[in-house]
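Remarks on the structure that follows.
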Amino acid sequence: MAGSASVVGCVAVVHPQIRWSSFREDSHRRTPSRSSNLIALRPSPSPSSHSFTCPTSTTFQSILSSQTRWPCEVGNGGSRSLKKKSSCWSHYTSNEKVIEAHLSKQHKCISCFLNRCRNRSCINKFVPRVFSDKSTFPLLKHTLDNVSARYAHDTHTSFCNSLRLTKVRLLRMHLLETLTLDQLKTTWMDFGVKRLHVLNATVGPDEPHAASTAWPDGILEKQGLDLVDPEIGKAELERFLSSELPSHPKLYRGQLKNGLRYLILPNKVPPNRFEAHMEVHVGSIDEEDDEQGIAHMIEHVAFLGSKKREKLLGTGARSNAYTDFHHTVFHIHSPTSTKDSDGDLLPSVLDALNEIAFQPKFLASRVEKERRAILSELQMMNTIEYRVDCQLLQHLHSENKLSERFPIGLEEQIKKWDADKIRKFHERWYFPANATLYIVGDIDNISKTVYQIEAIFGQTGMENETATAPTPSAFSAMASFLVPKLSVGLAGSLSHDKSPIPVDQSKFIKKERHAVRPPVMHNWSLPGSNEDMNSPQIFQHELLQNFSINMFCKIPVNKVQTYGDLRNVLMKRIFLSALHFRINTRYKSSNPPFTSIELDHSDSGREGCTVTTLTVTAEPKNWQSAIKVAVQEVRRLKEFGVTKGELARYLDALLKDSEQLAAMIDNVSSVDNLDFIMESDALGHTVMDQRQGHESLVSVAGTVTLEEVNSTGAKVLEFISDFGKATSPLPAAIVACVPTKVHIEGIGEVEFKISPGEITAAIKAGLEEPIEAEPELEVPKELISSSQLQKLRVERNPSFIPPSPEVNITKVHDKETGITQLRLSNGIPVNYKISRSEARGGVMRLIVGGGRAVETFESRGAVVVGVRTLSEGGRVGNFSREQVELFCVNHLINCSLESNEEFICMEFRFTLRDNGMCAAFQLLHMVLEHSVWLDDAFDRARQLYLSYYRSIPKSLERATAHKLMLAMLNGDERFVEPSPKSLQSLTLESVKDAVMNQFVGHNMEVSVVGDFSEEDIESSILDYLGTVRGTRDSQIEQQPSPIMFRSYPSDLQFQQVFLKDTDERACAYIAGPAPNRWGLTIEGKDLFESLNSISIDNDEEPQSESHSEMKSCRKDLLRKLRNHPLFFGITMGLLAEIINSRLFTTVRDSLGLTYDVSFELSLFDRLKLGWYVISVTSTPGKVYKAVDACKNVLRGLHSSKIAQRELDRAKRTLLMRHEAEIKANTYWLGLLAHLQASTVPRKDISCIKDLTLLYEAATIEDIYLAYEQLKVDESSLYSCIGIAGAQAGEEGSGEEDESDQGLQGVIPAGRGLSTMTRPTT
């Protein structure tokens, strides 16, 4: 689920996302695959995959929701919009994200994955860098334990996701560019006279976000009020701040006779589609001691057992479900009607939800099938990250059931329940009065929608009117701060409609919903508590790599319902933004003792509290110093407060953010709106639209003072800064998660020892460190002055030249797509597109050909370490790291830097306000021309990769994938993490050359998409890109050395990895060769040559002239498809969808061998190769059979022919994805990539224009033409099985080979049972 959506976007500015969302079971999740040349076997970005963004906008985005929805259709028909944390840029590294059906369709829950950050959108959620490194590896999705790579999803979600803009980026808010503090105060004083006008905000809110700035009647009289009088002004200010925020004008709320509550919000994005979510207010917290996991079980059985849901599969609808602590949600994303019929699909969708939630059939066969799936899921998700988060939650909520009611449940209980036991729990909790229906989408007639809701749900639960209601919660006195207040009838402009609720309805309601959600009692961390502080808790495990400590403070949720509440939130946001920046700039100019320091202040409606968390991660040897630094900086801010400059800086940034969101009011998707409403209701916040939120923020901003900001913020930090004092709030818990052994250079692995007393002593030592007030920093207004720019123009004489030898014009513009192609005189090609979809916003991407593929044998790892070094340093020209970061803060620039096998990429998100685009271009120019390479930054980068490599043996998935990739690619280290030996051989000069030698004019390509004018964009391109040198002094033409798949036969084709662990798990990867996206193979073949010999004639005789014409048109389409450069990209993408569907229905659903299986393609653009990977998780007892079953599915496409319905479903899935993303600026960046790249010669404008036509034209024969290019025979397949457990590997054998050097802790094994093919039955 989304993050803690505070009431509104602006509220979210301070309320980081809620942490409960990690603890959720999504029983039907399908894992999205990478839609670029990176695959599931690629790990998360490098050791610390961060993106630099200004603190305000970063947290602001992550607060609304850090997770991205991935539309995935389940193979057996079930599907859902998967919410997933952002991953790396690999999602769209290549170009057409839609071409590859890489959203592997996996039924699995995300809730059970306690995402290791616990979804906290903390203030210091990442270690910011001016050029954040997001370099990728070709293996797993998993990251290093406790390493800051996990922060990428907060800071760079927009840049990291392949198929859609993260909703958070869409919801960012900005303010009036010319507004100063004095003007804000003036504006506030004028509010009694007139309403503030929001520039560029269109009429009609689509996203519930903030509140109107118009004061309610009576707050200020419009005539003769003398605000100059201090006493009157103070009184009126108090009245204003205590007045209620306005409600969303388009949100309709109602309730049926049976108690079912519903909310409806019309929203046009995407057009002709809607979201319908049924939220049943029951979750794991409601389970008795012998029912742990039963709510999740019901979710599985009810959802997958619904026949009415299955009937929606051919309509283009997607569906899924999830369970968390306090509720279960079944949701369907559907078109409003089908192409074949004008019929309204809403009644069918509502009917399916009614059956799923209230009328499920608990068939014994379905119960057994889902029992197997859940048991497999339980083992799959039991990673060390999950266990760490369980530990944190257990200690944070040790006084209540939240500490022991994880949604996944207990294995021994899941094995025992029969259908009757499950049915009884359903009868107790699943009834209309205990549920809320949310409908958001392209709905024109609300009265009709209300009628349809009544018709479908009106009689549900009415048959037993006298049933006994559940016992009221013992904590009903707490209801006031947890229960959303649902008003009856219509709101705002809908008030003329009548509510369907009669005056007296109590006698009709079957049961009553609980007043308090979740029904738990907390021990609050309040000042002056007489309780004794709990000693620090230590969780020590052999699979942990780094040290981390969490200090928790827990207080009641403060509902944001008044202007004063909103003002309080704004002041906290400013205060904590300052802390975030200080920590991550002061110490990054030298080698800091910590890996990261985070301060998170989060509302959680699911846990019923607000939690403040200080999280410190560090190398184990530095843990004490890291704690001291964190405590010291918290004390400094608490004692001295923010400076005037910091107040002005962060307030201005937040206001600009606010305005941007208001300007984008018509571009927020329905699912984002819906998530926001659900979260706001859970927290008890007032739901407002973007314009209201923007105006409200403006109105309170002018009342903020430096003294109040410091006073309000200091209270948040008292549990740290005043630790140990009798008057300070007691920490709710202090939990350290540490390894059992650590690596010491020159010695090896030694035991790591730590005690609670030592932890307490380290905290107190930080309290005694001397502190000084923060000095003001000088922030540059520009990185290149006008005089410097003029000098560059004279020296370099920039101009545009024809983009290619075939044209004589300097600008090539395509009217259909709106794409303009240019080429500068220094050789840099530029593509741009003017888009109004994201008002006053833009994105830019620089792609540099080469990447890790050009690393020489002597310099393995040079590119990734070099990119990280540049990121760590953060300096350009004469500007310090701090100055560059503040420059980005002031201009709301988000910037990331990353590398992969083929490319180095730098990406920017900017606003068009305050010369934001010009500022982004200036930064890009400075990176290309005046990068500063620092020794200490290089040392940090190399150390991070050393730590990352040493963590591989502690991750089952990463160790298994690492071994597989080395075996398949003949030990080529360019496709895996650099080894310690390679890292030690690197020097600052070697990594600098490896990176900067790729930055040559003709080897670079820049694409820009945004709401700019033709004149402005071309002026910026000419001034800042045209003045970049086209060549470099030490230029060396770099060509990748040959890449080879290991030849057959090889003992390394079938391998095993055994990992010692307290709990059992298993996973496996199966991989083999494929061509690249453009039909080129590693053997040097051009597959298009073989297509020319294939006839497309049809043997059937024409029956009529019209029939003959239709056949002729069809043949023309086929001919066009097969001659099109994207033929293999299109057909491989469709093939991946079909294989995923079959894997699910066979390996997961029919055989019950896994919970999570996926097929993913990695189709490169520049390199002449690709590969496919099947990833499967299972139990140690089933994993060998699962591998065999996967191989049989992969090879079975000839014996079990592809049906037309399978192809139609795959087409519909990919086309819907394309249509849903086509308005997103970052999606267009993906489409524009390589349009003028000399190393990708087959990419042209037709690859963008013809996408829809190409998908529609593909036939089953075309899919088989693609399938023939996948090498699936036994001699080409590579597989590796990983097994973790206390006894893992004790009976295994095998000699350690060169691929395992440096991976101590992983027990390699030779050939296993996977060499034997077994029937799938």
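For the structure tokens, the naming scheme is as follows: chains receive sequential letters (A, B, ...) according to their order of presentation, residues are indexed from 1 within each chain, and ligands are indexed from 1 in presentation order.
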Please provide the set of residues having any atom within 9 Å of range 542-550 of chain A, restricted to only C-alpha atoms, with same-chain residues fewer than 2 positions apart removed, written as a PyMOL selection string.
-> chain A and resi 144-147+384-385+392+538+540+552+613-623+627+733-742+947-948+950-951+953-955+1060-1061
Quick one: DSSP strand (DSSP E or B) residues in range 914-1106 of chain A, as a PyMOL selection string?
-> chain A and resi 931+1004-1010+1054-1060+1065-1074+1080+1086
At most 12 Å is the cut-off: for each residue in range 543-652 of chain A with any atom that close to an atom of range 323-344 of chain A, write down the nearest atom pair and the distance in Å rounded to one decimal, counting only C-alpha atoms, chain first then increasing number, as CSV.
```
residue,atom,partner,partner_atom,distance
A:Ser604,CA,A:Phe325,CA,11.3
A:Gly605,CA,A:His326,CA,9.3
A:Arg606,CA,A:His326,CA,6.3
A:Glu607,CA,A:Phe325,CA,7.8
A:Gly608,CA,A:His326,CA,10.1
```
Only all heavy atoms, please: the residues just picked out, written as a PDB file, in the first residue's frame.
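As written to disk, out_19.pdb reads:
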```pdb
ATOM      1  N   SER A 604       1.302   6.108  11.319  1.00  0.00           N
ATOM      2  CA  SER A 604       0.862   4.785  10.889  1.00  0.00           C
ATOM      3  C   SER A 604      -0.541   4.530  11.399  1.00  0.00           C
ATOM      4  O   SER A 604      -0.749   4.242  12.574  1.00  0.00           O
ATOM      5  CB  SER A 604       1.803   3.696  11.397  1.00  0.00           C
ATOM      6  OG  SER A 604       1.272   2.428  11.112  1.00  0.00           O
ATOM      7  N   GLY A 605      -1.499   4.645  10.502  1.00  0.00           N
ATOM      8  CA  GLY A 605      -2.870   4.329  10.871  1.00  0.00           C
ATOM      9  C   GLY A 605      -3.030   2.860  11.164  1.00  0.00           C
ATOM     10  O   GLY A 605      -3.893   2.453  11.931  1.00  0.00           O
ATOM     11  N   ARG A 606      -2.206   2.033  10.540  1.00  0.00           N
ATOM     12  CA  ARG A 606      -2.311   0.590  10.727  1.00  0.00           C
ATOM     13  C   ARG A 606      -1.783   0.157  12.078  1.00  0.00           C
ATOM     14  O   ARG A 606      -2.223  -0.839  12.632  1.00  0.00           O
ATOM     15  CB  ARG A 606      -1.542  -0.128   9.614  1.00  0.00           C
ATOM     16  CG  ARG A 606      -2.350  -0.342   8.335  1.00  0.00           C
ATOM     17  CD  ARG A 606      -2.912   0.932   7.808  1.00  0.00           C
ATOM     18  NE  ARG A 606      -3.838   0.719   6.698  1.00  0.00           N
ATOM     19  CZ  ARG A 606      -4.523   1.688   6.146  1.00  0.00           C
ATOM     20  NH1 ARG A 606      -4.419   2.917   6.596  1.00  0.00           N
ATOM     21  NH2 ARG A 606      -5.331   1.443   5.149  1.00  0.00           N
ATOM     22  N   GLU A 607      -0.832   0.906  12.620  1.00  0.00           N
ATOM     23  CA  GLU A 607      -0.318   0.588  13.950  1.00  0.00           C
ATOM     24  C   GLU A 607      -0.946   1.483  15.010  1.00  0.00           C
ATOM     25  O   GLU A 607      -0.779   1.258  16.199  1.00  0.00           O
ATOM     26  CB  GLU A 607       1.203   0.738  13.971  1.00  0.00           C
ATOM     27  CG  GLU A 607       1.924  -0.288  13.121  1.00  0.00           C
ATOM     28  CD  GLU A 607       3.384   0.044  12.912  1.00  0.00           C
ATOM     29  OE1 GLU A 607       4.207  -0.388  13.730  1.00  0.00           O
ATOM     30  OE2 GLU A 607       3.694   0.745  11.935  1.00  0.00           O
ATOM     31  N   GLY A 608      -1.641   2.523  14.561  1.00  0.00           N
ATOM     32  CA  GLY A 608      -2.318   3.397  15.506  1.00  0.00           C
ATOM     33  C   GLY A 608      -1.399   4.296  16.285  1.00  0.00           C
ATOM     34  O   GLY A 608      -1.636   4.561  17.463  1.00  0.00           O
TER      35      GLY A 608
END
```
Per-residue DSSP, range 212-424 of chain A, filtered to alpha helix (DSSP H), as a ChimeraX atom specification | /A:230-242,294-304,307-310,346-358,364-380,384-396,411-414,419-424
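Checking A:Val671, A:Ala648, A:His541, A:Lys250 one by one against Thr383 in chain A, counting only C-alpha atoms, you find the shortest gap at A:His541.
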Interatomic distance (Å, one decimal) between CA of Pro246 in chain A and CA of Leu683 in chain A | 16.5 Å
Expressed in Å to a single decimal, how great is the separation between CA of Leu1117 in chain A and CA of Lys1243 in chain A?
-> 19.5 Å
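Comparing the minimum interatomic distances between Phe903 in chain A and each of A:Val1009, A:Phe1144, A:Val709, A:Thr1239, counting only C-alpha atoms, we find that A:Thr1239 sits nearest.
If only C-alpha atoms are the atoms counted, then among A:Gly1026, A:Glu1219, A:Phe362, A:Ile1245 the closest residue to Leu792 in chain A is A:Gly1026.
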Between A:Ala1258, A:Leu988, A:Leu1277, A:Ala1288, which is the closest to Tyr1069 in chain A once you count only C-alpha atoms?
-> A:Leu1277
